[in-house]
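The next block is upload-v2.txt, given as compact mmCIF, C-alpha atoms.
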# COMPACT_ATOMS: atom_id res chain seq x y z
CA MET A 1 181.46 39.31 55.41
CA ILE A 2 182.66 42.92 55.43
CA GLU A 3 183.83 44.24 58.78
CA THR A 4 182.91 47.78 59.72
CA THR A 5 185.57 50.47 59.66
CA ALA A 6 184.37 52.11 62.88
CA ALA A 7 187.60 51.17 64.70
CA PRO A 8 189.66 54.25 65.68
CA PHE A 9 191.96 55.39 62.92
CA PRO A 10 195.50 55.29 64.38
CA THR A 11 196.82 58.29 62.45
CA ILE A 12 194.27 60.80 63.78
CA ARG A 13 196.67 62.16 66.42
CA VAL A 14 199.65 61.96 64.08
CA ARG A 15 198.06 63.89 61.19
CA PRO A 16 198.58 67.48 62.41
CA TRP A 17 202.22 66.67 63.18
CA LEU A 18 202.73 65.13 59.77
CA GLY A 19 201.41 68.31 58.15
CA ARG A 20 203.74 70.51 60.22
CA LEU A 21 206.71 68.26 59.51
CA ALA A 22 205.87 68.30 55.79
CA VAL A 23 205.72 72.11 55.67
CA ALA A 24 208.90 72.64 57.75
CA SER A 25 210.98 70.06 55.88
CA SER A 26 209.69 71.31 52.50
CA LEU A 27 210.79 74.88 53.31
CA ILE A 28 214.26 73.65 54.31
CA ALA A 29 214.50 71.40 51.24
CA THR A 30 213.42 74.19 48.87
CA PHE A 31 215.98 76.60 50.38
CA MET A 32 218.74 74.00 50.05
CA ALA A 33 217.69 73.10 46.49
CA LEU A 34 217.46 76.65 45.17
CA VAL A 35 220.15 78.45 47.20
CA TRP A 36 222.48 76.16 49.16
CA ALA A 37 223.25 73.38 46.67
CA PRO A 38 226.14 74.12 44.28
CA THR A 39 225.63 74.81 40.59
CA ASP A 40 226.25 71.79 38.34
CA ALA A 41 229.42 72.01 36.24
CA VAL A 42 227.72 70.65 33.10
CA GLN A 43 224.04 71.64 33.26
CA GLY A 44 224.32 74.87 35.26
CA ASP A 45 221.40 75.79 37.52
CA VAL A 46 218.64 74.02 35.60
CA TYR A 47 219.74 70.72 37.18
CA ARG A 48 218.05 72.03 40.41
CA ILE A 49 214.81 70.55 39.05
CA ILE A 50 216.30 67.20 40.15
CA TYR A 51 215.37 68.07 43.75
CA VAL A 52 211.66 67.84 42.95
CA HIS A 53 211.75 65.45 39.98
CA VAL A 54 213.65 62.56 41.62
CA PRO A 55 212.01 62.58 45.10
CA LEU A 56 208.55 62.67 43.48
CA ALA A 57 209.51 59.71 41.27
CA TRP A 58 210.79 57.66 44.22
CA LEU A 59 207.75 58.51 46.34
CA ALA A 60 205.48 57.54 43.43
CA TYR A 61 207.25 54.14 43.29
CA LEU A 62 206.70 53.80 47.05
CA ALA A 63 203.05 54.83 46.75
CA PHE A 64 202.39 52.19 44.09
CA PHE A 65 204.26 49.55 46.11
CA VAL A 66 201.98 50.42 49.05
CA VAL A 67 198.99 49.93 46.69
CA PHE A 68 200.39 46.46 45.90
CA LEU A 69 200.77 45.54 49.60
CA ALA A 70 197.36 46.98 50.54
CA SER A 71 195.75 45.11 47.60
CA LEU A 72 197.25 41.86 48.86
CA GLY A 73 195.97 42.80 52.33
CA TRP A 74 192.42 43.24 51.01
CA LEU A 75 192.48 40.01 49.00
CA TRP A 76 193.84 38.12 52.01
CA THR A 77 191.75 39.57 54.86
CA ARG A 78 188.81 41.46 53.23
CA ARG A 79 189.32 44.29 55.73
CA PRO A 80 188.08 47.61 54.23
CA TRP A 81 191.02 49.37 55.91
CA PHE A 82 193.32 47.87 53.25
CA ASP A 83 191.09 49.11 50.44
CA ALA A 84 191.15 52.62 51.92
CA LEU A 85 194.95 52.45 52.13
CA ALA A 86 195.18 51.26 48.51
CA VAL A 87 192.98 53.97 47.02
CA ALA A 88 194.63 56.71 49.11
CA SER A 89 198.12 55.64 48.09
CA ALA A 90 197.12 55.22 44.42
CA GLU A 91 195.67 58.73 44.31
CA VAL A 92 198.78 60.33 45.85
CA GLY A 93 200.97 58.19 43.57
CA VAL A 94 199.11 59.41 40.48
CA LEU A 95 199.45 63.02 41.65
CA PHE A 96 203.20 62.59 42.22
CA THR A 97 203.67 60.77 38.90
CA GLY A 98 201.84 63.48 36.98
CA MET A 99 203.94 66.15 38.65
CA PHE A 100 207.31 64.43 38.12
CA ILE A 101 206.48 63.75 34.45
CA VAL A 102 205.70 67.45 33.85
CA ALA A 103 208.70 68.62 35.95
CA GLY A 104 210.88 66.22 33.93
CA SER A 105 209.44 67.60 30.70
CA ILE A 106 210.31 71.15 31.83
CA TRP A 107 213.85 69.95 32.62
CA ALA A 108 214.11 68.13 29.26
CA LYS A 109 213.48 71.23 27.15
CA PRO A 110 216.70 73.15 28.04
CA THR A 111 218.86 69.99 28.35
CA TRP A 112 217.59 67.72 25.53
CA GLY A 113 216.02 70.43 23.37
CA VAL A 114 212.57 68.78 23.41
CA TRP A 115 209.64 68.66 25.87
CA TRP A 116 209.01 64.96 25.20
CA THR A 117 210.71 62.11 23.35
CA TRP A 118 209.74 58.45 22.91
CA ASP A 119 212.49 57.29 25.25
CA PRO A 120 212.07 53.92 27.11
CA ARG A 121 212.08 55.59 30.56
CA LEU A 122 209.51 58.19 29.51
CA VAL A 123 207.26 55.68 27.76
CA THR A 124 207.30 53.14 30.64
CA THR A 125 206.58 55.99 33.08
CA ALA A 126 203.65 57.17 30.96
CA VAL A 127 202.35 53.57 30.91
CA MET A 128 202.65 53.44 34.72
CA PHE A 129 200.74 56.72 35.00
CA MET A 130 197.96 55.48 32.71
CA MET A 131 197.68 52.17 34.57
CA TYR A 132 197.06 53.88 37.91
CA VAL A 133 194.71 56.47 36.39
CA GLY A 134 192.86 53.40 35.04
CA TYR A 135 192.96 51.87 38.53
CA LEU A 136 191.22 54.96 39.95
CA LEU A 137 188.68 55.07 37.09
CA LEU A 138 187.92 51.35 37.50
CA ARG A 139 186.85 52.01 41.07
CA SER A 140 184.03 54.25 39.86
CA LEU A 141 182.52 51.53 37.64
CA SER A 142 180.89 49.51 40.43
CA THR A 143 178.80 50.63 43.40
CA ASP A 144 179.18 47.26 45.11
CA PHE A 145 181.91 47.84 47.69
CA SER A 146 183.31 44.32 47.84
CA ARG A 147 183.34 43.78 44.07
CA ARG A 148 184.94 47.18 43.46
CA ALA A 149 187.63 46.59 46.06
CA THR A 150 188.44 43.12 44.69
CA ARG A 151 188.67 44.28 41.06
CA ALA A 152 190.86 47.21 42.10
CA ALA A 153 193.07 44.95 44.22
CA VAL A 154 193.71 42.62 41.28
CA ILE A 155 194.82 45.61 39.18
CA GLY A 156 196.89 46.91 42.13
CA VAL A 157 198.75 43.60 42.34
CA ILE A 158 199.39 43.34 38.59
CA ALA A 159 200.32 47.00 37.95
CA VAL A 160 203.26 46.92 40.39
CA ILE A 161 205.23 44.98 37.74
CA ASP A 162 205.79 48.26 35.90
CA ILE A 163 207.83 49.84 38.75
CA PRO A 164 211.04 47.78 38.21
CA ILE A 165 210.49 48.06 34.45
CA VAL A 166 210.46 51.88 34.73
CA HIS A 167 213.55 51.93 36.94
CA LEU A 168 215.58 49.43 34.91
CA SER A 169 214.42 50.57 31.44
CA VAL A 170 217.46 52.88 31.15
CA LEU A 171 219.76 49.87 31.66
CA TRP A 172 217.88 47.44 29.44
CA MET A 173 217.49 49.75 26.43
CA ASN A 174 219.37 52.61 24.78
CA SER A 175 218.05 55.68 26.52
CA LEU A 176 218.45 59.43 26.37
CA HIS A 177 217.48 59.57 30.03
CA GLN A 178 220.24 59.68 32.63
CA LEU A 179 221.27 56.31 34.12
CA PRO A 180 220.53 55.68 37.84
CA THR A 181 222.74 58.05 39.88
CA VAL A 182 221.83 57.06 43.43
CA LEU A 183 219.84 53.80 43.36
CA ARG A 184 222.33 51.84 41.26
CA ALA A 185 223.42 48.24 41.70
CA GLY A 186 227.00 47.57 42.78
CA GLY A 187 228.10 51.17 43.27
CA SER A 188 227.90 54.16 45.57
CA PRO A 189 225.93 57.26 44.48
CA SER A 190 227.82 59.24 41.82
CA LEU A 191 226.79 62.59 43.24
CA ASP A 192 228.58 65.52 44.91
CA ALA A 193 228.20 65.36 48.75
CA ALA A 194 226.28 68.68 49.02
CA MET A 195 224.01 67.69 46.13
CA GLY A 196 223.48 64.27 47.73
CA MET A 197 222.57 65.85 51.07
CA THR A 198 220.11 68.25 49.39
CA LEU A 199 218.55 65.34 47.52
CA GLY A 200 218.29 63.38 50.80
CA ILE A 201 216.53 66.27 52.59
CA SER A 202 214.19 66.68 49.60
CA VAL A 203 213.33 62.97 49.74
CA ILE A 204 212.57 63.30 53.48
CA ALA A 205 210.38 66.37 52.82
CA PHE A 206 208.37 64.65 50.09
CA THR A 207 208.06 61.54 52.28
CA PHE A 208 206.34 63.68 54.93
CA VAL A 209 204.13 65.23 52.23
CA TYR A 210 203.22 61.72 51.01
CA LEU A 211 202.46 60.47 54.54
CA ALA A 212 200.38 63.57 55.38
CA PHE A 213 198.34 63.23 52.17
CA LEU A 214 198.00 59.47 52.66
CA ALA A 215 196.69 59.84 56.22
CA GLU A 216 194.23 62.59 55.25
CA ARG A 217 192.94 60.81 52.13
CA MET A 218 192.65 57.52 53.99
CA SER A 219 190.68 59.14 56.78
CA ILE A 220 188.21 60.56 54.22
CA GLU A 221 187.88 57.12 52.58
CA LEU A 222 187.24 55.42 55.94
CA GLU A 223 184.53 57.99 56.69
CA ARG A 224 182.94 57.25 53.30
CA GLN A 225 183.10 53.50 53.95
CA ARG A 226 181.49 53.97 57.38
CA ARG A 227 178.62 55.98 55.89
CA MET A 228 178.15 53.50 53.06
CA LEU A 229 177.95 50.56 55.46
CA GLU A 230 175.59 52.51 57.74
CA ALA A 231 173.33 53.31 54.78
CA ARG A 232 173.33 49.66 53.74
CA ALA A 233 172.44 48.56 57.29
CA MET B 234 221.89 86.07 36.66
CA ILE B 235 220.69 82.48 37.04
CA GLU B 236 220.43 80.79 33.66
CA ASN B 237 217.19 78.99 32.75
CA LEU B 238 215.48 80.63 35.72
CA GLY B 239 212.11 80.42 33.95
CA PHE B 240 212.35 76.62 33.63
CA ILE B 241 213.38 76.21 37.29
CA ALA B 242 210.60 78.52 38.51
CA ALA B 243 208.03 76.77 36.29
CA ALA B 244 208.97 73.32 37.66
CA TYR B 245 208.86 74.41 41.30
CA LEU B 246 205.62 76.39 40.88
CA LEU B 247 204.02 73.43 39.15
CA VAL B 248 205.01 70.98 41.90
CA TRP B 249 204.15 73.16 44.90
CA GLY B 250 201.06 74.53 43.14
CA GLY B 251 199.90 70.97 42.48
CA ILE B 252 200.44 70.06 46.12
CA VAL B 253 198.44 73.08 47.32
CA VAL B 254 195.58 72.35 44.88
CA TYR B 255 195.45 68.70 46.07
CA LEU B 256 195.45 69.90 49.69
CA ILE B 257 192.46 72.17 48.97
CA SER B 258 190.71 69.28 47.22
CA LEU B 259 191.25 67.07 50.30
CA ARG B 260 189.87 69.77 52.61
CA ARG B 261 186.73 70.10 50.47
CA ARG B 262 186.24 66.35 50.32
CA ARG B 263 186.64 66.11 54.10
CA GLU B 264 183.98 68.80 54.60
CA ARG B 265 181.67 66.94 52.22
CA ALA B 266 182.32 63.60 53.95
CA GLN B 267 181.53 65.07 57.38
CA ARG B 268 178.45 67.05 56.28
CA PRO B 269 175.28 65.58 57.83
CA ARG B 270 173.07 63.83 55.30
CA THR B 271 169.71 65.45 54.62

As structure tokens, what does this structure read like?
Amino acid sequence: MIETTAAPFPTIRVRPWLGRLAVASSLIATFMALVWAPTDAVQGDVYRIIYVHVPLAWLAYLAFFVVFLASLGWLWTRRPWFDALAVASAEVGVLFTGMFIVAGSIWAKPTWGVWWTWDPRLVTTAVMFMMYVGYLLLRSLSTDFSRRATRAAVIGVIAVIDIPIVHLSVLWMNSLHQLPTVLRAGGSPSLDAAMGMTLGISVIAFTFVYLAFLAERMSIELERQRRMLEARA
Amino acid sequence: MIENLGFIAAAYLLVWGGIVVYLISLRRRRERAQRPRT
């Protein structure tokens, strides 16, 4: 039995504020990243790409972990709200992953001398990207809501395995990619204080962007679900 | 003169451009979702 999604969506009042917070924090973060943060002693100014590359990567991990939790929620309760959360988070996660891969590629050219190399971190990230693109494509294969949501949820639960593989790939295998600088086991972040603060503000800004996109995309999905169930009735 | 300015500008334009394009896509999808069915 599928419950209707006509219940009020709790983020409706929050959404305009999320958008404003996202814009304001993004402006501050961009100023800090491009002007305020000091130049790196080794890489020079090109390292400033870190302030978009790393937050997008972390938020993509979070987005896919939310897909995992929402998929479990659907399988457990069969509430369409969880399916809307899963598809919204997967879509934003794919967008962020695509952008951090390309931003990383732009950073790689002046530092490594190549746009792309078959490095473990890059390959596992590309696999993660393809898995979630596949997740979104899979959803278009069935018009039956319940079947589509269940198939997608199974993929959403399995695909999360790649997140720790991506993060730890640089420790498990010889890699050209930099080792974890902030999220590293048994040690404090090996980052200058001003750089660390700029990275922190950038992470906060992209978190607001993620939440604003998630709320908007989820609201659209709930509207679609409501119409679909109305049409069926 | 900032070195590698082109690479930095390209990365930031790509990211913020991508975010704006996705925002426009969401707005269009919302309009479509709210449009009365004929």

Report task. Grab the atom CA of A:Ala24 to atom CA of A:Ala205 distance for me, in Å with one decimal place. Result ->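 Here the two named atoms are 8.1 Å from each other.
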
Query raised in the report: Which is closer to A:Arg121 than all the others in A:Phe64, A:Phe208, A:Phe31, A:Trp172, using only C-alpha atoms?
Result: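 Smallest separation from A:Arg121 among the options: A:Trp172.
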
Requested in this report: Fewer than 2 positions away in the same chain doesn't count, so skip those; otherwise give me all residues within 12 Å of B:Leu259, counting all atoms listed in the file, as a list in words.
Outcome: Ala88, Glu91, Val92, Ala212, Phe213, Leu214, Ala215, Glu216, Arg217, Met218, Ser219, Ile220 and Glu221 of chain A; Ile252, Val253, Val254, Tyr255, Leu256, Ile257, Arg261, Arg262, Arg263, Glu264, Arg265 and Ala266 of chain B

Dump of C-alpha atoms for the selected residues, as a JSON list (two decimals), keeping the file's coordinate frame:
[["chain", "number", "residue", "atom", "x", "y", "z"],
["A", 88, "ALA", "CA", 194.63, 56.71, 49.11],
["A", 91, "GLU", "CA", 195.67, 58.73, 44.31],
["A", 92, "VAL", "CA", 198.78, 60.33, 45.85],
["A", 212, "ALA", "CA", 200.38, 63.57, 55.38],
["A", 213, "PHE", "CA", 198.34, 63.23, 52.17],
["A", 214, "LEU", "CA", 198.00, 59.47, 52.66],
["A", 215, "ALA", "CA", 196.69, 59.84, 56.22],
["A", 216, "GLU", "CA", 194.23, 62.59, 55.25],
["A", 217, "ARG", "CA", 192.94, 60.81, 52.13],
["A", 218, "MET", "CA", 192.65, 57.52, 53.99],
["A", 219, "SER", "CA", 190.68, 59.14, 56.78],
["A", 220, "ILE", "CA", 188.21, 60.56, 54.22],
["A", 221, "GLU", "CA", 187.88, 57.12, 52.58],
["B", 252, "ILE", "CA", 200.44, 70.06, 46.12],
["B", 253, "VAL", "CA", 198.44, 73.08, 47.32],
["B", 254, "VAL", "CA", 195.58, 72.35, 44.88],
["B", 255, "TYR", "CA", 195.45, 68.70, 46.07],
["B", 256, "LEU", "CA", 195.45, 69.90, 49.69],
["B", 257, "ILE", "CA", 192.46, 72.17, 48.97],
["B", 261, "ARG", "CA", 186.73, 70.10, 50.47],
["B", 262, "ARG", "CA", 186.24, 66.35, 50.32],
["B", 263, "ARG", "CA", 186.64, 66.11, 54.10],
["B", 264, "GLU", "CA", 183.98, 68.80, 54.60],
["B", 265, "ARG", "CA", 181.67, 66.94, 52.22],
["B", 266, "ALA", "CA", 182.32, 63.60, 53.95]]

Please produce, as JSON lines, a per-residue contact table for chain B versus chain A (criterion: any atom at most 6 Å away, all atoms listed in the file considered), showing the nearest atom pair and its distance in Å to one decimal, sorted by chain then residue number.
{"residue": "B:Asn237", "atom": "CA", "partner": "A:Val46", "partner_atom": "CA", "distance": 5.9}
{"residue": "B:Ile241", "atom": "CA", "partner": "A:Val46", "partner_atom": "CA", "distance": 5.9}
{"residue": "B:Ala244", "atom": "CA", "partner": "A:Ala103", "partner_atom": "CA", "distance": 5.0}
{"residue": "B:Val248", "atom": "CA", "partner": "A:Met99", "partner_atom": "CA", "distance": 5.9}
{"residue": "B:Arg263", "atom": "CA", "partner": "A:Ile220", "partner_atom": "CA", "distance": 5.8}

Print the selection's residues with C-alpha atoms to a file, as a CSV table (one decimal), keeping the file's coordinate frame.
chain,number,residue,atom,x,y,z
B,237,ASN,CA,217.2,79.0,32.8
B,241,ILE,CA,213.4,76.2,37.3
B,244,ALA,CA,209.0,73.3,37.7
B,248,VAL,CA,205.0,71.0,41.9
B,263,ARG,CA,186.6,66.1,54.1

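The interatomic distance for the pair atom CA of A:Val157 and atom CA of A:Arg226 works out to 25.1 Å.
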
Could you give me, as CSV, a per-residue list for stretch 111-225 of chain A showing, wherever an atom lies at most 7 Å from an atom of stretch 69-81 of chain A, the closest pair of atoms and their distance in Å to one decimal, using all atoms listed in the file and sorting by chain then residue number from low to high?
residue,atom,partner,partner_atom,distance
A:Thr150,CA,A:Leu75,CA,6.7
A:Ala153,CA,A:Ser71,CA,4.3
A:Gly156,CA,A:Ser71,CA,5.9
A:Val157,CA,A:Ser71,CA,6.2

Requested in this report: Point out the residue among A:Val67, A:Ala57, A:Val94, A:Val166 with the least atom-to-atom distance to A:Gly134, counting all atoms listed in the file.
Outcome: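 For A:Gly134, the nearest of the given residues is A:Val94.
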
Query raised in the report: Which is closest to A:Ala37 among A:Ile201, A:Ile155, A:Ala231, A:Leu141, if we use all atoms listed in the file?
Result: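 Of A:Ile201, A:Ile155, A:Ala231, A:Leu141, the one nearest A:Ala37 is A:Ile201, counting all atoms listed in the file.
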
Query raised in the report: Between atom CA of A:Ala22 and atom CA of B:Gly250, what is the distance, to one decimal in Å?
Result: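 These two atoms are separated by 14.9 Å.
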
Missing atoms in stretch 83-96 of chain A should be modelled up to N, CA, C and O atoms and reported as an mmCIF file, keeping the file's coordinate frame.
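Generated file (selection_6.cif):
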data_model
loop_
_atom_site.group_PDB
_atom_site.id
_atom_site.type_symbol
_atom_site.label_atom_id
_atom_site.label_comp_id
_atom_site.auth_asym_id
_atom_site.auth_seq_id
_atom_site.Cartn_x
_atom_site.Cartn_y
_atom_site.Cartn_z
ATOM 1 N N ASP A 83 191.583 48.461 51.656
ATOM 2 C CA ASP A 83 191.090 49.110 50.440
ATOM 3 C C ASP A 83 191.245 50.629 50.528
ATOM 4 O O ASP A 83 191.620 51.277 49.557
ATOM 5 N N ALA A 84 190.978 51.173 51.729
ATOM 6 C CA ALA A 84 191.150 52.620 51.920
ATOM 7 C C ALA A 84 192.612 53.013 51.750
ATOM 8 O O ALA A 84 192.928 54.034 51.128
ATOM 9 N N LEU A 85 193.509 52.181 52.284
ATOM 10 C CA LEU A 85 194.950 52.450 52.130
ATOM 11 C C LEU A 85 195.350 52.414 50.658
ATOM 12 O O LEU A 85 196.090 53.276 50.167
ATOM 13 N N ALA A 86 194.820 51.419 49.933
ATOM 14 C CA ALA A 86 195.180 51.260 48.510
ATOM 15 C C ALA A 86 194.730 52.454 47.686
ATOM 16 O O ALA A 86 195.519 53.019 46.913
ATOM 17 N N VAL A 87 193.476 52.865 47.856
ATOM 18 C CA VAL A 87 192.980 53.970 47.020
ATOM 19 C C VAL A 87 193.669 55.283 47.395
ATOM 20 O O VAL A 87 193.998 56.099 46.508
ATOM 21 N N ALA A 88 193.946 55.478 48.693
ATOM 22 C CA ALA A 88 194.630 56.710 49.110
ATOM 23 C C ALA A 88 196.032 56.772 48.515
ATOM 24 O O ALA A 88 196.459 57.795 47.970
ATOM 25 N N SER A 89 196.751 55.659 48.597
ATOM 26 C CA SER A 89 198.120 55.640 48.090
ATOM 27 C C SER A 89 198.146 55.763 46.559
ATOM 28 O O SER A 89 199.026 56.430 46.003
ATOM 29 N N ALA A 90 197.176 55.130 45.893
ATOM 30 C CA ALA A 90 197.120 55.220 44.420
ATOM 31 C C ALA A 90 196.879 56.665 43.986
ATOM 32 O O ALA A 90 197.513 57.151 43.042
ATOM 33 N N GLU A 91 195.986 57.349 44.693
ATOM 34 C CA GLU A 91 195.670 58.730 44.310
ATOM 35 C C GLU A 91 196.888 59.652 44.485
ATOM 36 O O GLU A 91 197.214 60.442 43.598
ATOM 37 N N VAL A 92 197.585 59.506 45.625
ATOM 38 C CA VAL A 92 198.780 60.330 45.850
ATOM 39 C C VAL A 92 199.877 59.944 44.846
ATOM 40 O O VAL A 92 200.584 60.810 44.322
ATOM 41 N N GLY A 93 199.985 58.656 44.554
ATOM 42 C CA GLY A 93 200.970 58.190 43.570
ATOM 43 C C GLY A 93 200.720 58.770 42.186
ATOM 44 O O GLY A 93 201.651 59.188 41.493
ATOM 45 N N VAL A 94 199.456 58.828 41.789
ATOM 46 C CA VAL A 94 199.110 59.410 40.480
ATOM 47 C C VAL A 94 199.439 60.905 40.459
ATOM 48 O O VAL A 94 200.003 61.415 39.489
ATOM 49 N N LEU A 95 199.120 61.588 41.563
ATOM 50 C CA LEU A 95 199.450 63.020 41.650
ATOM 51 C C LEU A 95 200.964 63.227 41.509
ATOM 52 O O LEU A 95 201.416 64.056 40.698
ATOM 53 N N PHE A 96 201.741 62.450 42.259
ATOM 54 C CA PHE A 96 203.200 62.590 42.220
ATOM 55 C C PHE A 96 203.751 62.230 40.834
ATOM 56 O O PHE A 96 204.657 62.883 40.324
#
